[in-house]
Each structure stands twice: as C-alpha cells, then as structure tokens.
>>> print(open('work-v5.cif').read())   # mmCIF, C-alpha atoms and all ligand atoms
data_data
loop_
_atom_site.label_atom_id
_atom_site.label_comp_id
_atom_site.auth_asym_id
_atom_site.auth_seq_id
_atom_site.Cartn_x
_atom_site.Cartn_y
_atom_site.Cartn_z
CA MET Y 1 0.00 0.00 0.00
CA SER Y 2 1.05 3.44 -0.70
CA SER Y 3 -1.41 4.98 1.81
CA ASN Y 4 1.47 5.74 4.16
CA ARG Y 5 3.06 8.07 1.58
CA LYS Y 6 -0.25 9.64 0.48
CA LYS Y 7 -0.80 11.04 3.97
CA LEU Y 8 1.77 13.77 3.39
CA PHE Y 9 0.57 17.05 1.93
CA CYS Y 10 1.95 20.56 1.86
CA ILE Y 11 0.06 22.40 4.58
CA GLU Y 12 0.06 25.57 2.50
CA CYS Y 13 -0.85 24.51 -1.02
CA GLY Y 14 -2.07 20.95 -0.35
CA ARG Y 15 0.25 19.36 -2.85
CA PRO Y 16 0.97 15.67 -2.14
CA LEU Y 17 4.57 15.16 -1.20
CA ASP Y 18 7.13 12.43 -0.85
CA LYS Y 19 8.52 12.06 2.69
CA ASN Y 20 11.92 13.42 1.72
CA GLU Y 21 10.37 16.35 -0.18
CA ILE Y 22 8.72 17.90 2.86
CA ILE Y 23 10.32 20.59 5.01
CA ASN Y 24 8.48 21.91 8.05
CA GLY Y 25 5.28 20.58 6.50
CA LEU Y 26 5.76 22.53 3.29
CA CYS Y 27 6.71 21.86 -0.29
CA ILE Y 28 9.88 23.54 -1.53
CA GLU Y 29 8.02 26.40 -3.32
CA CYS Y 30 5.97 27.24 -0.25
CA TYR Y 31 8.98 26.85 1.97
CA ARG Y 32 10.85 29.43 -0.09
CA LYS Y 33 7.92 31.83 0.36
CA PHE Y 34 8.07 31.62 4.14
CA TYR Y 35 11.68 30.80 4.91
CA SER Y 36 14.95 31.99 3.53
CA LEU Y 37 18.27 30.38 2.91
CA PHE Y 38 19.68 33.17 5.00
CA ASP Y 39 18.76 36.39 6.75
CA VAL Y 40 20.76 39.61 6.84
CA ASN Y 41 21.03 41.94 9.82
CA ASP Y 42 21.59 45.59 8.98
CA ILE Y 43 24.22 47.03 11.28
CA LYS Y 44 25.77 50.33 12.23
CA VAL Y 45 29.55 50.55 12.32
CA ASP Y 46 31.66 53.40 13.67
CA VAL Y 47 34.26 54.50 11.14
CA CYS Y 48 37.00 57.07 11.81
CA ARG Y 49 36.54 59.95 9.40
CA LYS Y 50 40.26 60.63 9.39
CA CYS Y 51 41.98 57.25 9.09
CA LEU Y 52 38.97 55.02 8.19
CA ALA Y 53 39.66 52.60 11.04
CA PHE Y 54 36.42 50.86 12.09
CA LYS Y 55 35.13 49.59 15.39
CA HIS Y 56 34.73 45.89 16.03
CA ARG Y 57 33.89 44.52 19.47
CA ASP Y 58 34.93 47.78 21.19
CA LYS Y 59 38.27 47.83 19.42
CA TRP Y 60 39.40 49.95 16.49
CA VAL Y 61 40.52 47.87 13.53
CA ARG Y 62 43.19 49.70 11.51
CA VAL Y 63 42.94 49.69 7.72
CA LYS Y 64 45.52 50.35 5.06
CA THR Y 65 43.31 52.00 2.50
CA TYR Y 66 41.73 55.32 1.60
CA GLU Y 67 38.89 53.65 -0.32
CA LEU Y 68 35.62 53.35 1.51
CA LYS Y 69 34.71 50.29 -0.60
CA ASP Y 70 37.80 48.46 0.63
CA VAL Y 71 36.85 49.34 4.20
CA VAL Y 72 33.36 47.94 3.60
CA GLN Y 73 34.89 44.69 2.27
CA GLN Y 74 36.98 44.38 5.42
CA ILE Y 75 33.98 45.06 7.64
CA LEU Y 76 32.01 42.35 5.79
CA GLN Y 77 34.76 39.81 6.25
CA ILE Y 78 35.33 40.44 9.91
CA LYS Y 79 31.64 40.74 10.81
CA ALA Y 80 30.25 38.09 8.43
CA SER Y 81 28.96 35.89 11.24
CA TYR Y 82 26.96 38.77 12.73
CA ILE Y 83 25.44 40.09 9.58
CA VAL Y 84 24.45 36.87 7.77
CA GLU Y 85 22.43 34.15 9.44
CA LYS Y 86 22.41 30.95 7.38
CA HIS Y 87 19.65 28.35 7.40
CA GLY Y 88 21.05 25.07 6.19
CA LYS Y 89 24.03 24.49 3.98
CA VAL Y 90 24.54 27.86 2.31
CA GLU Y 91 27.49 29.55 0.58
CA ILE Y 92 27.47 33.31 1.01
CA SER Y 93 29.16 35.84 -1.26
CA PHE Y 94 28.96 39.61 -1.44
CA GLY Y 95 28.11 41.33 -4.68
CA SER Y 96 27.82 44.99 -5.62
CA ILE Y 97 28.36 47.77 -3.07
CA ASN Y 98 26.48 51.04 -3.47
CA PHE Y 99 26.54 54.08 -1.22
CA GLU Y 100 23.36 55.96 -0.53
CA LYS Y 101 21.43 58.12 1.94
CA ARG Y 102 24.17 60.52 2.89
CA GLU Y 103 23.20 62.09 6.17
CA LYS Y 104 25.24 64.43 8.31
CA ASP Y 105 27.66 61.85 9.61
CA THR Y 106 26.31 58.58 8.26
CA ILE Y 107 26.71 56.94 4.88
CA THR Y 108 24.83 53.76 4.12
CA ALA Y 109 26.50 51.06 2.07
CA VAL Y 110 23.97 48.80 0.36
CA ILE Y 111 25.53 45.42 -0.32
CA GLU Y 112 24.06 42.67 -2.40
CA VAL Y 113 24.34 39.37 -0.55
CA VAL Y 114 24.11 36.16 -2.58
CA GLY Y 115 23.39 32.82 -0.95
CA VAL Y 116 23.57 29.50 -2.76
CA GLY Y 117 22.54 26.29 -0.99
CA LYS Y 118 19.72 24.13 0.27
CA PRO Y 119 17.76 24.17 3.51
CA SER Y 120 17.88 20.38 3.94
CA PRO Y 121 20.07 17.65 2.45
CA ASN Y 122 17.49 16.11 0.11
CA LEU Y 123 16.38 19.32 -1.55
CA PRO Y 124 17.78 20.90 -4.70
CA VAL Y 125 20.29 23.79 -4.49
CA TYR Y 126 18.93 27.23 -5.23
CA GLU Y 127 20.06 30.84 -5.09
CA GLU Y 128 18.77 33.77 -3.09
CA ARG Y 129 19.71 37.47 -3.15
CA LYS Y 130 19.20 40.07 -0.46
CA ASN Y 131 20.31 43.60 0.26
CA LEU Y 132 22.24 44.33 3.40
CA LYS Y 133 22.55 47.83 4.80
CA LEU Y 134 25.75 48.82 6.51
CA HIS Y 135 25.34 52.20 8.19
CA LEU Y 136 28.77 53.76 8.38
CA HIS Y 137 28.76 56.25 11.21
CA PHE Y 138 31.67 58.67 10.94
CA THR Y 139 33.43 59.63 14.12
CA ALA Y 140 37.00 59.90 15.39
CA CYS Y 141 38.93 56.85 16.49
CA GLN Y 142 40.80 56.91 19.80
CA LYS Y 143 44.09 57.69 18.09
CA CYS Y 144 42.82 60.51 15.89
CA ALA Y 145 40.76 62.01 18.73
CA GLN Y 146 43.88 62.04 20.89
CA ILE Y 147 45.85 63.95 18.27
CA THR Y 148 43.04 66.50 17.97
CA ARG Y 149 42.95 67.00 21.72
CA GLU Y 150 46.69 67.52 21.88
CA HIS Y 151 46.63 70.21 19.24
CA PHE Y 152 43.75 71.99 20.92
CA LYS Y 153 46.29 73.44 23.26
CA ALA Y 154 47.61 76.49 21.43
CA ILE Y 155 46.22 79.87 22.42
CA ILE Y 156 46.95 83.37 21.20
CA GLN Y 157 46.06 85.91 23.86
CA LEU Y 158 45.60 89.45 22.57
CA ARG Y 159 46.32 91.93 25.32
CA GLY Y 160 46.05 95.70 25.33
CA GLU Y 161 43.41 98.43 25.32
CA PRO Y 162 39.97 97.08 24.30
CA GLU Y 163 39.74 99.10 21.08
CA LYS Y 164 43.17 98.03 19.96
CA VAL Y 165 42.47 94.43 20.91
CA ASP Y 166 39.36 94.47 18.70
CA LYS Y 167 41.39 95.83 15.78
CA ALA Y 168 44.16 93.29 16.43
CA LEU Y 169 41.54 90.51 16.40
CA ASN Y 170 40.56 91.55 12.87
CA THR Y 171 44.19 91.48 11.81
CA THR Y 172 44.63 88.07 13.44
CA LEU Y 173 41.58 86.62 11.73
CA GLN Y 174 42.71 87.97 8.36
CA LEU Y 175 46.13 86.44 8.89
CA ALA Y 176 44.58 83.17 9.98
CA GLU Y 177 42.30 83.10 6.97
CA SER Y 178 45.14 83.60 4.51
CA ILE Y 179 47.29 80.98 6.21
CA LEU Y 180 44.52 78.43 6.76
CA SER Y 181 43.05 78.73 3.28
CA LYS Y 182 46.30 77.35 1.90
CA ARG Y 183 46.10 74.35 4.22
CA GLU Y 184 42.64 72.97 3.71
CA LYS Y 185 43.97 69.43 3.83
CA ASP Y 186 45.59 69.97 7.21
CA ASN Y 187 43.05 68.69 9.71
CA GLU Y 188 44.53 70.61 12.62
CA ALA Y 189 44.62 73.93 10.84
CA PHE Y 190 41.61 75.67 12.31
CA ILE Y 191 40.50 78.10 14.98
CA THR Y 192 38.53 76.18 17.56
CA LYS Y 193 37.30 78.99 19.79
CA ILE Y 194 37.42 82.77 20.29
CA LYS Y 195 36.80 83.91 23.82
CA LYS Y 196 36.60 87.36 25.41
CA THR Y 197 38.40 87.44 28.73
CA ARG Y 198 39.00 90.10 31.34
CA GLY Y 199 42.38 91.00 29.89
CA GLY Y 200 41.52 90.83 26.19
CA ILE Y 201 40.66 88.12 23.69
CA ASP Y 202 41.85 84.49 23.58
CA ILE Y 203 41.98 82.66 20.26
CA TYR Y 204 42.28 78.86 20.39
CA PHE Y 205 44.03 77.08 17.56
CA GLY Y 206 43.95 73.49 16.42
CA SER Y 207 47.59 73.69 15.51
CA ASN Y 208 50.44 74.91 17.66
CA ARG Y 209 52.55 75.53 14.57
CA ILE Y 210 49.99 77.82 12.97
CA ALA Y 211 49.34 79.71 16.22
CA ARG Y 212 53.09 80.36 16.41
CA MET Y 213 53.24 81.58 12.81
CA ILE Y 214 50.41 84.01 13.43
CA ALA Y 215 51.78 85.23 16.77
CA TYR Y 216 55.13 86.10 15.22
CA LYS Y 217 53.50 87.74 12.22
CA LEU Y 218 51.61 89.93 14.73
CA ARG Y 219 54.91 90.78 16.37
CA ASP Y 220 56.42 91.84 13.04
CA ASP Y 221 53.37 93.64 11.70
CA LEU Y 222 51.80 95.19 14.77
CA GLY Y 223 54.97 95.51 16.79
CA ALA Y 224 53.49 93.40 19.54
CA LYS Y 225 55.58 91.76 22.20
CA ILE Y 226 55.26 88.00 22.43
CA VAL Y 227 55.57 86.17 25.70
CA GLU Y 228 55.50 82.41 25.30
CA THR Y 229 54.53 80.13 28.10
CA ARG Y 230 53.96 76.44 28.18
CA LYS Y 231 52.38 74.25 30.79
CA ILE Y 232 51.52 70.60 31.12
CA VAL Y 233 47.77 70.15 31.06
CA SER Y 234 47.54 66.37 31.00
CA LYS Y 235 49.27 63.13 30.27
CA ASP Y 236 48.51 60.98 27.25
CA ARG Y 237 47.37 57.70 28.78
CA GLN Y 238 48.49 55.66 25.80
CA THR Y 239 51.91 57.15 25.16
CA SER Y 240 52.38 58.53 28.73
CA LYS Y 241 53.79 61.68 27.14
CA ASN Y 242 52.93 65.08 28.57
CA VAL Y 243 50.36 67.14 26.75
CA TYR Y 244 51.28 70.81 26.70
CA GLN Y 245 49.32 73.99 26.40
CA GLN Y 246 51.29 76.59 24.49
CA THR Y 247 50.28 80.18 25.06
CA PHE Y 248 51.41 83.14 23.00
CA SER Y 249 50.59 86.29 24.89
CA VAL Y 250 50.53 89.07 22.30
CA ARG Y 251 50.97 92.43 24.03
CA LEU Y 252 50.05 95.36 21.85
CA LEU Y 253 51.91 98.68 21.98
CA PRO Y 254 50.65 100.59 25.02
CA PHE Y 255 50.01 103.73 22.93
CA LYS Y 256 46.98 104.69 20.90
CA LYS Y 257 46.02 107.21 18.26
CA GLY Y 258 46.22 110.76 19.66
CA ASP Y 259 48.86 109.99 22.30
CA LEU Y 260 51.73 112.46 22.46
CA LEU Y 261 55.05 110.77 23.13
CA GLN Y 262 58.42 112.13 24.06
CA ILE Y 263 61.40 110.09 22.88
CA ASP Y 264 64.80 111.73 23.37
CA GLU Y 265 64.48 115.21 21.85
CA HIS Y 266 61.47 114.26 19.77
CA VAL Y 267 57.82 114.77 20.41
CA LEU Y 268 55.63 112.41 18.39
CA LEU Y 269 51.88 112.48 17.92
CA VAL Y 270 50.62 108.93 17.31
CA LEU Y 271 48.46 108.87 14.17
CA ASP Y 272 47.33 105.19 14.13
CA ASP Y 273 46.08 102.79 16.80
CA LEU Y 274 48.07 99.90 15.40
CA PRO Y 275 51.36 99.84 13.52
CA SER Y 276 51.43 98.35 10.07
CA ARG Y 277 54.24 96.33 8.51
CA GLY Y 278 56.36 96.94 11.57
CA LYS Y 279 56.09 100.72 11.51
CA LEU Y 280 53.95 103.22 13.36
CA LYS Y 281 52.72 106.40 11.70
CA VAL Y 282 53.41 109.51 13.78
CA PHE Y 283 53.57 113.27 13.36
CA ASN Y 284 56.95 114.57 14.43
CA VAL Y 285 55.93 117.78 16.18
CA ILE Y 286 59.33 119.41 16.20
CA LEU Y 287 60.22 118.54 12.59
CA GLY Y 288 56.65 119.28 11.56
CA LYS Y 289 56.20 116.22 9.37
CA GLU Y 290 54.67 112.76 9.23
CA GLU Y 291 56.97 109.80 9.76
CA LYS Y 292 56.75 106.04 9.87
CA LEU Y 293 59.02 104.79 12.61
CA PRO Y 294 60.12 101.24 13.43
CA ILE Y 295 58.20 99.83 16.37
CA LYS Y 296 61.16 98.94 18.49
CA ILE Y 297 61.66 102.64 19.23
CA PHE Y 298 58.31 102.68 20.97
CA TRP Y 299 59.17 99.79 23.26
CA ARG Y 300 62.11 101.69 24.73
CA GLU Y 301 61.87 102.23 28.45
CA ASP Y 302 62.50 105.97 28.22
CA VAL Y 303 59.41 106.67 26.09
CA LYS Y 304 57.26 109.21 27.95
CA ASN Y 305 53.57 109.75 27.37
CA ILE Y 306 53.10 113.50 27.62
CA ILE Y 307 50.16 114.24 29.86
CA LYS Y 308 47.08 115.82 28.34
CA GLU Y 309 47.24 118.82 30.74
CA LYS Y 310 50.27 120.11 28.92
CA ILE Y 311 48.25 120.51 25.74
CA GLU Y 312 46.80 123.98 25.21
CA ARG Y 313 43.78 124.85 23.09
CA PHE Y 314 43.60 127.80 20.70
CA MET Y 315 41.23 129.31 18.21
CA VAL Y 316 42.46 130.53 14.85
CA ILE Y 317 41.38 134.21 14.75
CA SER Y 318 42.86 135.23 11.40
CA VAL Y 319 45.08 133.89 8.67
CA SER Y 320 47.11 136.34 6.56
CA LYS Y 321 49.82 135.75 4.00
CA LYS Y 322 52.60 135.65 6.57
CA HIS Y 323 50.97 135.31 9.96
CA VAL Y 324 48.39 133.36 11.85
CA THR Y 325 46.71 134.92 14.87
CA LEU Y 326 45.63 132.57 17.62
CA MET Y 327 43.64 133.07 20.78
CA ASN Y 328 44.34 130.96 23.84
CA LEU Y 329 41.03 129.42 24.90
CA GLN Y 330 42.07 129.17 28.56
CA ASN Y 331 43.07 132.77 29.19
CA TYR Y 332 41.86 134.49 25.98
CA SER Y 333 45.27 136.03 25.29
CA SER Y 334 46.17 136.23 21.64
CA LEU Y 335 49.43 135.68 19.84
CA GLU Y 336 50.76 135.86 16.33
CA ILE Y 337 52.97 133.18 14.81
CA ASP Y 338 54.81 132.83 11.53
CA LYS Y 339 52.77 130.95 8.95
CA ASP Y 340 55.95 129.14 7.87
CA ASP Y 341 56.14 127.59 11.33
CA ILE Y 342 52.84 125.76 10.79
CA PRO Y 343 53.40 122.59 8.72
CA PHE Y 344 49.77 122.16 7.73
CA GLU Y 345 46.76 124.20 6.62
CA VAL Y 346 44.74 126.12 9.19
CA THR Y 347 41.47 127.95 8.65
CA GLU Y 348 39.93 130.89 10.46
CA GLY Y 349 37.54 129.91 13.22
CA GLU Y 350 38.90 126.41 13.81
CA GLU Y 351 40.07 125.15 17.15
CA ILE Y 352 43.55 123.78 17.37
CA GLU Y 353 45.76 122.08 19.94
CA ALA Y 354 49.33 123.02 20.62
CA ILE Y 355 52.14 122.25 22.98
CA LYS Y 356 54.86 124.50 24.35
CA LEU Y 357 58.33 122.99 24.31
CA LYS Y 358 61.34 124.96 25.54
CA GLY Y 359 59.40 128.18 25.18
CA LYS Y 360 58.27 127.52 21.62
CA LEU Y 361 54.69 126.72 20.64
CA TYR Y 362 54.09 123.79 18.30
CA LEU Y 363 50.70 123.27 16.71
CA LEU Y 364 49.33 119.73 16.46
CA PRO Y 365 47.54 118.49 13.36
CA LYS Y 366 43.97 117.25 13.68
CA ILE Y 367 43.60 113.50 13.74
CA MET Y 368 40.92 112.07 11.56
CA GLU Y 369 38.45 109.88 13.44
CA LYS Y 370 38.31 107.26 10.72
CA GLU Y 371 40.91 106.55 8.14
ZN ZN I 401 3.12 23.91 -1.06
ZN ZN I 402 41.35 57.48 13.13
#
>>> encode(input="work-v5.cif", output="structure tokens")
Amino acid sequence: MSSNRKKLFCIECGRPLDKNEIINGLCIECYRKFYSLFDVNDIKVDVCRKCLAFKHRDKWVRVKTYELKDVVQQILQIKASYIVEKHGKVEISFGSINFEKREKDTITAVIEVVGVGKPSPNLPVYEERKNLKLHLHFTACQKCAQITREHFKAIIQLRGEPEKVDKALNTTLQLAESILSKREKDNEAFITKIKKTRGGIDIYFGSNRIARMIAYKLRDDLGAKIVETRKIVSKDRQTSKNVYQQTFSVRLLPFKKGDLLQIDEHVLLVLDDLPSRGKLKVFNVILGKEEKLPIKIFWREDVKNIIKEKIERFMVISVSKKHVTLMNLQNYSSLEIDKDDIPFEVTEGEEIEAIKLKGKLYLLPKIMEKE
C-alpha cells in the first residue's frame, strides 16, 4: 500500500509530497515563500573619518586604504557571522556595493548578498539574493581624537586696550584666513574657539605651529611683544607623554592714536592705533612732518607719554599771507605766529591744539576719526 506516503501534503498549497520532499510541513516552493536560505542583519559601524579605522567589538581595527569600498569589504569579512544568518548548507558571497542616503555623519553602504545552498540535504540547491545595509557612522577613532585633543592646546592671547584688541583681532583673523586657506587638507589647521576674557581676547588654535606663525606675524606687523609660556595640562594615557598647552601672549603697543610721546628730543603724535608692517605712523611735532618709525623705538623704556594737561587749546582768529593769529582758549590772550612755522593748513575759526616745548609753541595736526 502506498497509503502511508499519500498522507503527506503541503500544509500551505495541499500538494501531495514524498517524505523526503517535505520541510516543516511545506513543499519547496511554499517553503521558499516563508523561509529563507539566509537572513541579513543591517548594522551600524563606527568608522574614523580621518583614518577610516572601524570599530569591532569595542576595538578599532586599523585599515591600510583610503577607499571606503575596501573598508566595507573588510567590515564584511570580519563581521560576516553577525550580519548573515544561514539556514542550512549555504554559501554566502557579497556582490555589488552602493553608497546611498548621505546624512550628516552617516553613509549607508547597500551590499548585495548572494546565498547558494539548500535548507535540507534532500532538496535541490537554489540561489537567493538580499540587500544588506551597513550604516557607516563617521566619528573619530581613539588615536585621531587624541591627536586633535593635543593640538587643541595652542592659544593666542591678545592683550592691550579694548579698542586696539578688537582691531588686532581683525588682523589676526585675516592672517589666519590667509594661512589656513592654503592648508585645507591639514586637519589641525583651524580656529577652535574665540573667547573674550577680562584681559583681552583668547583665540584657540587646532595647531600649535599655525598659532606660532600668526603670533610672530603679529609681532612683526603690529609691533606686539610675544611672551611664550607652556604648561603641562595632562598626560597621554596611551603614550604617557605630557600634553602641553602653548600660550602666545601678544601684548600690543601701550600707545593709541592721539597719544603724544616724548622720545629723546622728539615729540611724536601717534596717528594710528596699530602699527602696520612693523612701523607706526606719527607726526613729528618738532620737525613738523609725518613719519613712519620702526616699532622697536616705541618699546624703549624711556618713552614718555606727555600728559594731556600740557596741551593747550587755541582758536584761529585770522590767517594772513605771513601770519596766523591765535587766541588761547584758557586765558583768551592772543598771539601771532609765523605761517611758515605751521606745517599744515589752518582755517579761520577752527580750534587747534598746541604744545609748548622749551618756550616755543608747536601746533598739532587734527587727527581724523576714521581713516
Ligand atoms: Zn506547497
Ligand atoms: Zn582614526
């Protein structure tokens, strides 16, 4: 009797089946509808955006490639047992890799997974294809993060009068922009923070080398004084090397536009807040002309800032071909001086400042508010 064999039917489609044709009560066609040769598990993997190392079981796996596809291949190999679950005797291979869905810090690799095999020994071999999604999450590996932290430690501190500090910040940012724009590939070449402090402004740099370049350019251009200090802020746990914080304190010239300085026999009216290209523009009161003088003169210890009380105010009463008549606005006395002794134009009715040196009166030119 064949009744024993006739009792078997596919529970889905009702087809009569031989004993060795049945799997979980189903025929092969129905089985394939409900079960797979394999399943894929989409996973998220941390990848270092700098060196492309990837994380596996809490450890960073180093790679020797700059191609993301090669990295994906390596991830597939090392994580194969996690991402593909086989049912039966199945051979797995990976096909095409496509990148899609680019979010802020995640790229998804879509990988075609091909399985060839059979769910039970008596069944025929067949093929199945599925897409696996590998979400590559970009971050910084331990090593690269450490390097970034180390280079965080360079600071330029701008110190001086608030107005001058603001102007020096502009100069610094311009310098930084021109230097950094040439180094777009340098990952450490950036300003990480700008902070106002009680004494001035602190600018944090990602690169000690670039902070140094800028600090010394400020010294040469603005005639600032640089004081370098360095302190240990931490210890690298991996290399047990000290991590330093390098500070470049940039002290601006302690004089501003409108200050009257006495250096040796000279009296100089400062015409600019900040020097430019290493020189400061002044009006030499005694010589009666504009000059650009090297900054180092102004850092001399014997430079005296002439106090404002010594400056007298006058009104120009009349201007003739040879003479100018002035009236002192404190005591209303008038005096006449040679027009040749005034190195700039004066007009009737204007107020003018002057200073008396060794009995002689020197008029001071007006300083424009904005250049
Ligand atoms: Zn069936
Ligand atoms: Zn890295």
>>> atom_distance(input="work-v5.cif", atom1="CA of Lys133 in chain Y", atom2="CA of Glu67 in chain Y")
18.1 Å
>>> closest_residue(input="work-v5.cif", among="Y:Phe298, Y:Leu8, Y:His87, Y:Leu136", to="Val71 in chain Y", atoms="only C-alpha atoms")
Y:Leu136
>>> closest_residue(input="work-v5.cif", among="Y:Leu134, Y:Pro343, Y:Leu361, Y:Glu336", to="Ile83 in chain Y", atoms="only C-alpha atoms")
Y:Leu134
>>> closest_residue(input="work-v5.cif", among="Y:Tyr35, Y:Asn41, Y:Val84, Y:Cys141", to="ligand ZN 402 (chain I)", atoms="all atoms listed in the file")
Y:Cys141
>>> residues_near_ligand(input="work-v5.cif", ligand="ligand ZN 402 (chain I)", cutoff="8 Å", atoms="only C-alpha atoms and all ligand atoms", output="list of chain:residue names")
Y:Val47, Y:Cys48, Y:Arg49, Y:Lys50, Y:Cys51, Y:Leu52, Y:Ala53, Y:Ala140, Y:Cys141, Y:Gln142, Y:Lys143, Y:Cys144, Y:Ala145
>>> residues_near_ligand(input="work-v5.cif", ligand="ligand ZN 401 (chain I)", cutoff="9 Å", atoms="only C-alpha atoms and all ligand atoms", output="PyMOL selection string")
chain Y and resi 9-17+25-31
>>> atom_distance(input="work-v5.cif", atom1="CA of Pro275 in chain Y", atom2="CA of Leu253 in chain Y")
8.6 Å
>>> atom_distance(input="work-v5.cif", atom1="CA of Met327 in chain Y", atom2="CA of Gly288 in chain Y")
21.1 Å
>>> closest_residue(input="work-v5.cif", among="Y:Gln246, Y:Ser120, Y:Asn331, Y:Asn170", to="Ile155 in chain Y", atoms="all atoms listed in the file")
Y:Gln246
>>> closest_residue(input="work-v5.cif", among="Y:Thr325, Y:Ser36, Y:Thr65, Y:Asn305", to="Gly258 in chain Y", atoms="all atoms listed in the file")
Y:Asn305
>>> closest_residue(input="work-v5.cif", among="Y:Arg32, Y:Lys44, Y:Lys308, Y:His137", to="Lys79 in chain Y", atoms="only C-alpha atoms")
Y:Lys44
>>> residues_around(input="work-v5.cif", residues="Lys292 in chain Y", least_positions_apart="4", cutoff="10 Å", atoms="all atoms listed in the file", output="PDB file with C-alpha atoms, in the frame of the given file")
ATOM      1  CA  LEU Y 271      48.460 108.870  14.170  1.00  0.00           C
ATOM      2  CA  PRO Y 275      51.360  99.840  13.520  1.00  0.00           C
ATOM      3  CA  SER Y 276      51.430  98.350  10.070  1.00  0.00           C
ATOM      4  CA  GLY Y 278      56.360  96.940  11.570  1.00  0.00           C
ATOM      5  CA  LYS Y 279      56.090 100.720  11.510  1.00  0.00           C
ATOM      6  CA  LEU Y 280      53.950 103.220  13.360  1.00  0.00           C
ATOM      7  CA  LYS Y 281      52.720 106.400  11.700  1.00  0.00           C
ATOM      8  CA  VAL Y 282      53.410 109.510  13.780  1.00  0.00           C
ATOM      9  CA  PHE Y 283      53.570 113.270  13.360  1.00  0.00           C
ATOM     10  CA  ASN Y 284      56.950 114.570  14.430  1.00  0.00           C
TER      11      ASN Y 284
END
>>> residues_around(input="work-v5.cif", residues="range 205-218 of chain Y", least_positions_apart="3", cutoff="8 Å", atoms="only C-alpha atoms", output="PDB file with C-alpha atoms, in the frame of the given file")
ATOM      1  CA  THR Y 148      43.040  66.500  17.970  1.00  0.00           C
ATOM      2  CA  HIS Y 151      46.630  70.210  19.240  1.00  0.00           C
ATOM      3  CA  PHE Y 152      43.750  71.990  20.920  1.00  0.00           C
ATOM      4  CA  LYS Y 153      46.290  73.440  23.260  1.00  0.00           C
ATOM      5  CA  ALA Y 154      47.610  76.490  21.430  1.00  0.00           C
ATOM      6  CA  ILE Y 155      46.220  79.870  22.420  1.00  0.00           C
ATOM      7  CA  ILE Y 156      46.950  83.370  21.200  1.00  0.00           C
ATOM      8  CA  THR Y 172      44.630  88.070  13.440  1.00  0.00           C
ATOM      9  CA  LEU Y 175      46.130  86.440   8.890  1.00  0.00           C
ATOM     10  CA  ALA Y 176      44.580  83.170   9.980  1.00  0.00           C
ATOM     11  CA  ILE Y 179      47.290  80.980   6.210  1.00  0.00           C
ATOM     12  CA  GLU Y 188      44.530  70.610  12.620  1.00  0.00           C
ATOM     13  CA  ALA Y 189      44.620  73.930  10.840  1.00  0.00           C
ATOM     14  CA  PHE Y 190      41.610  75.670  12.310  1.00  0.00           C
ATOM     15  CA  ILE Y 191      40.500  78.100  14.980  1.00  0.00           C
ATOM     16  CA  THR Y 192      38.530  76.180  17.560  1.00  0.00           C
ATOM     17  CA  LYS Y 193      37.300  78.990  19.790  1.00  0.00           C
ATOM     18  CA  ASP Y 221      53.370  93.640  11.700  1.00  0.00           C
ATOM     19  CA  LEU Y 222      51.800  95.190  14.770  1.00  0.00           C
ATOM     20  CA  GLY Y 223      54.970  95.510  16.790  1.00  0.00           C
ATOM     21  CA  ALA Y 224      53.490  93.400  19.540  1.00  0.00           C
ATOM     22  CA  ILE Y 226      55.260  88.000  22.430  1.00  0.00           C
ATOM     23  CA  GLN Y 246      51.290  76.590  24.490  1.00  0.00           C
ATOM     24  CA  PHE Y 248      51.410  83.140  23.000  1.00  0.00           C
ATOM     25  CA  VAL Y 250      50.530  89.070  22.300  1.00  0.00           C
TER      26      VAL Y 250
END
>>> residues_around(input="work-v5.cif", residues="Lys167 in chain Y", least_positions_apart="4", cutoff="9 Å", atoms="all atoms listed in the file", output="JSON, numbers by chain")
{"Y": [162, 163, 171, 172, 273, 274]}
